[in-house]
Each structure stands twice: as structure tokens, then as C-alpha cells.
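Quick notes on the structure that follows.
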Amino acid sequence: MFACQSGNFELVNFLIQNGADSHRVFINHRYPGHDNKRYMIHFACESNNFEIIKLFVDNSNDSDINSLSWDGTPLTIVARGNCVEGAKLLISKGANVNIYSENKDTPILSAAAAGNISMLKLLVDSGADVNAVGANNSTPLSLAFEGKYNACILYLMQKNASARFMIDPPLIAAAKQNNMGLLFFMAQNNIDFNQSDVDGIYFYF
């Protein structure tokens with residue numbers, strides 16, 4: 001577990017080659033729900049090291065790919081850490097891009113909350129729902145606004161992400177944040193200030 005978290009591939013590989021159990025299950029009793037366990041693949045994905053992720057994916061059971069933990073699925077963990085190659089590998093092995101954890105997290109919500117634009121694009125291209133709704137009615141767009149991740153905000157607006165659960169429409173939110181960078185960014189990328197989202201909510205009022 002700690003070797004995985006360290007991101008040291010040589011150490012992890014050495015331990016496995018010498019008999020360390022790559023399928024061990026860890027139970028966290030602070031989480032009494034169904035997702036209170038973690039497999040080694042979850043720790044591997046947390047390493048943000050593609051070689052370590054690949055090592056465990058290649059040695060995993062099919063059911064491990066979408067296994068839930070207290071931090072979500074392997075793909076949700078990778079999306080948070082922004083290991084795009086690791087995400088591509090998991091998706092190629094059947095990872096569900098829209099699966100929810102018990103705390104209502106999904107890969108795209110994690111990517112948006114972390115401001116990982118490359119990961120966000122990969123997930124959307126792989127079928128992730130740009131209007132996924134998480135805890136407290138959070139959405140990819142609202143989370144990107146909270147973090148002031150301008151590239152993610154622009155991309156999600158271009159993908160017609162809904163602003164339904166935002167307190168303010170995007171342009172008002174940008175103005176309240178004094179986020180001139182976003183407004184310039186939107187203007188430079190030809191965002192229509194009179195545009196409405198998928199629910200008919202206008203971006204400017």
C-alpha cells in the first residue's frame with residue numbers, strides 16, 4: 001500500500017515479484033457503507049504513476065476495474081490525480097466513465113474539481129456525462145467555477161453543460177469572482193454571450 005502511494009515502481013515491482021499480495025483488500029472501519037474497502041488497484045491509481053497503474057491493471061480481475069472504494073473507482077481516483085495514460089488504460093479495460101460512488105462522486109466530477117482539462121476531455125470523449133450531478137447538486141461546470149479553472153469552464157460551456165444547479169449563470173458567476181481572465185478567454189474563443197445552456201438558461205443573466 002505505502003509502496004504504491006510512494007509512486008516508486010521499482011519498489012512495487014520488487015515486492016510483487018517477491019510474493020507481495022497484489023489483490024489484498026483493506027477495510028476502513030470509519031466508512032460503514034458498502035464502499036469501506038480498497039483493493040490494491042485503488043492505491044496503485046493513487047500513485048499517479050502509469051507504470052504502477054499498468055502493473056496492477058494487467059494483474060487485476062475484470063471486476064477490479066470498476067470496484068468501489070471509499071475514494072471511488074480506480075478511474076475516479078486516476079481522474080483526480082490527472083494520470084491521463086492511466087485513465088486511457090482503465091477505459092480500454094472496460095472502466096465505467098459514469099459510475100457513482102456512495103458519496104455521489106464520478107470520474108468527471110473529480111476531474112472538474114481538480115481542474116484537469118486533459119482528463120476532462122478524455123472522459124467526455126469516452127462518454128462521460130457533462131451534466132453528472134454529485135453531492136450538494138454539484139456538477140462539472142459548478143465545480144470548475146468553484147476552482148476558477150478557466151480552461152475547464154470554457155470547454156464545458158462549449159459542450160453545452162448545464163448551469164441549472166449553479167447559484168448564478170456563468171457570466172454572472174465570472175463577474176462576481178472578478179474573473180476577467182475567464183471573460184477574455186470566452187471572448188477570444190467566440191463564446192456567444194447570448195447563448196443559453198441545454199436547459200434554456202442564458203449565460204449572461
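Every chain in the C-alpha cells takes a letter, A first, then B, and so on in the order presented; its residues are numbered from 1, and the ligands are numbered from 1 following the presented order.
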- Item | Nearby residues (only C-alpha atoms) at most 12 Å from A:Leu68, same-chain spacing under 5 positions excluded, as an MDAnalysis selection string | chainID A and resid 25 33:42 63 73:77 95:96 99:106
Dump of C-alpha atoms for the selected residues, as an mmCIF file, in the first residue's frame:
data_model
loop_
_atom_site.group_PDB
_atom_site.id
_atom_site.type_symbol
_atom_site.label_atom_id
_atom_site.label_comp_id
_atom_site.auth_asym_id
_atom_site.auth_seq_id
_atom_site.Cartn_x
_atom_site.Cartn_y
_atom_site.Cartn_z
ATOM 1 C CA VAL A 25 -8.227 -5.892 0.460
ATOM 2 C CA GLY A 33 -21.130 1.671 4.000
ATOM 3 C CA HIS A 34 -20.595 -0.705 1.124
ATOM 4 C CA ASP A 35 -17.599 1.290 -0.133
ATOM 5 C CA ASN A 36 -15.495 0.938 3.020
ATOM 6 C CA LYS A 37 -12.831 -1.189 1.368
ATOM 7 C CA ARG A 38 -9.971 -0.614 -1.009
ATOM 8 C CA TYR A 39 -8.175 -3.030 -3.291
ATOM 9 C CA MET A 40 -4.535 -2.629 -4.175
ATOM 10 C CA ILE A 41 -5.539 -1.288 -7.595
ATOM 11 C CA HIS A 42 -7.036 1.763 -5.846
ATOM 12 C CA SER A 63 -14.317 -6.923 -11.541
ATOM 13 C CA THR A 73 -13.461 3.614 -8.521
ATOM 14 C CA PRO A 74 -9.926 3.306 -9.899
ATOM 15 C CA LEU A 75 -10.908 5.658 -12.745
ATOM 16 C CA THR A 76 -12.303 8.258 -10.336
ATOM 17 C CA ILE A 77 -9.036 8.188 -8.381
ATOM 18 C CA ALA A 95 -13.857 1.172 -16.805
ATOM 19 C CA ASN A 96 -17.280 2.802 -16.488
ATOM 20 C CA ILE A 99 -20.269 5.107 -12.303
ATOM 21 C CA TYR A 100 -21.196 6.766 -9.000
ATOM 22 C CA SER A 101 -19.597 6.077 -5.632
ATOM 23 C CA GLU A 102 -21.622 6.163 -2.420
ATOM 24 C CA ASN A 103 -20.602 9.793 -1.879
ATOM 25 C CA LYS A 104 -22.019 10.630 -5.344
ATOM 26 C CA ASP A 105 -18.646 11.147 -6.986
ATOM 27 C CA THR A 106 -17.882 10.225 -10.598
#
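Omitting stretch 173-176 of chain A and its sequence neighbours fewer than 6 positions away, and counting only C-alpha atoms, the residues within 12 Å are Leu141, Ser142, Ala144, Phe145, Glu146, Gly147, Lys148, Tyr149, Asn150, Ile153, Leu154, Ala163, Met166, Ile167, Leu182, Leu183, Phe184, Phe185, Met186, Phe203, Tyr204 and Phe205 of chain A.
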- Task: Using only C-alpha atoms, pick whichever of A:Asn48, A:Ser138, A:Asn189, A:Ser162 has the shortest atom-to-atom distance to A:Ala112.
- Result: A:Ser138
- Message: as a ChimeraX atom specification, please: every residue in stretch 21-123 of chain A that a backbone DSSP assignment puts in strand (DSSP E).
- Response: /A:25-27,37-39
- Message: What's around A:Ile108 at 7 Å? Count only C-alpha atoms, leave out sequence neighbours fewer than 5 positions away in its own chain, and write the answer as a ChimeraX atom specification.
- Response: /A:120,123,128,140
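Nearest to A:Ala151 of all the residues A:Ser118, A:Gln177, A:Asn131, A:Asn82 is A:Ser118, counting only C-alpha atoms.
Between atom CA of A:Asp64 and atom CA of A:Lys93 there is a distance of 10.4 Å.
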- Message: One decimal, in Å: what's the spacing between atom CA of A:Asn49 and atom CA of A:Cys83?
- Response: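 Straight-line distance from atom CA of A:Asn49 to atom CA of A:Cys83 works out to 7.2 Å.
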- Could you tell me how far atom CA of A:Lys88 lies from atom CA of A:Asn160, in Å and to one decimal? 23.9 Å
- Task: Name the residues in contact with A:Ala87 at a cut-off of 8 Å, using only C-alpha atoms, excluding same-chain residues fewer than 5 positions from it; report them as a ChimeraX atom specification.
- Result: /A:75,78-79,119
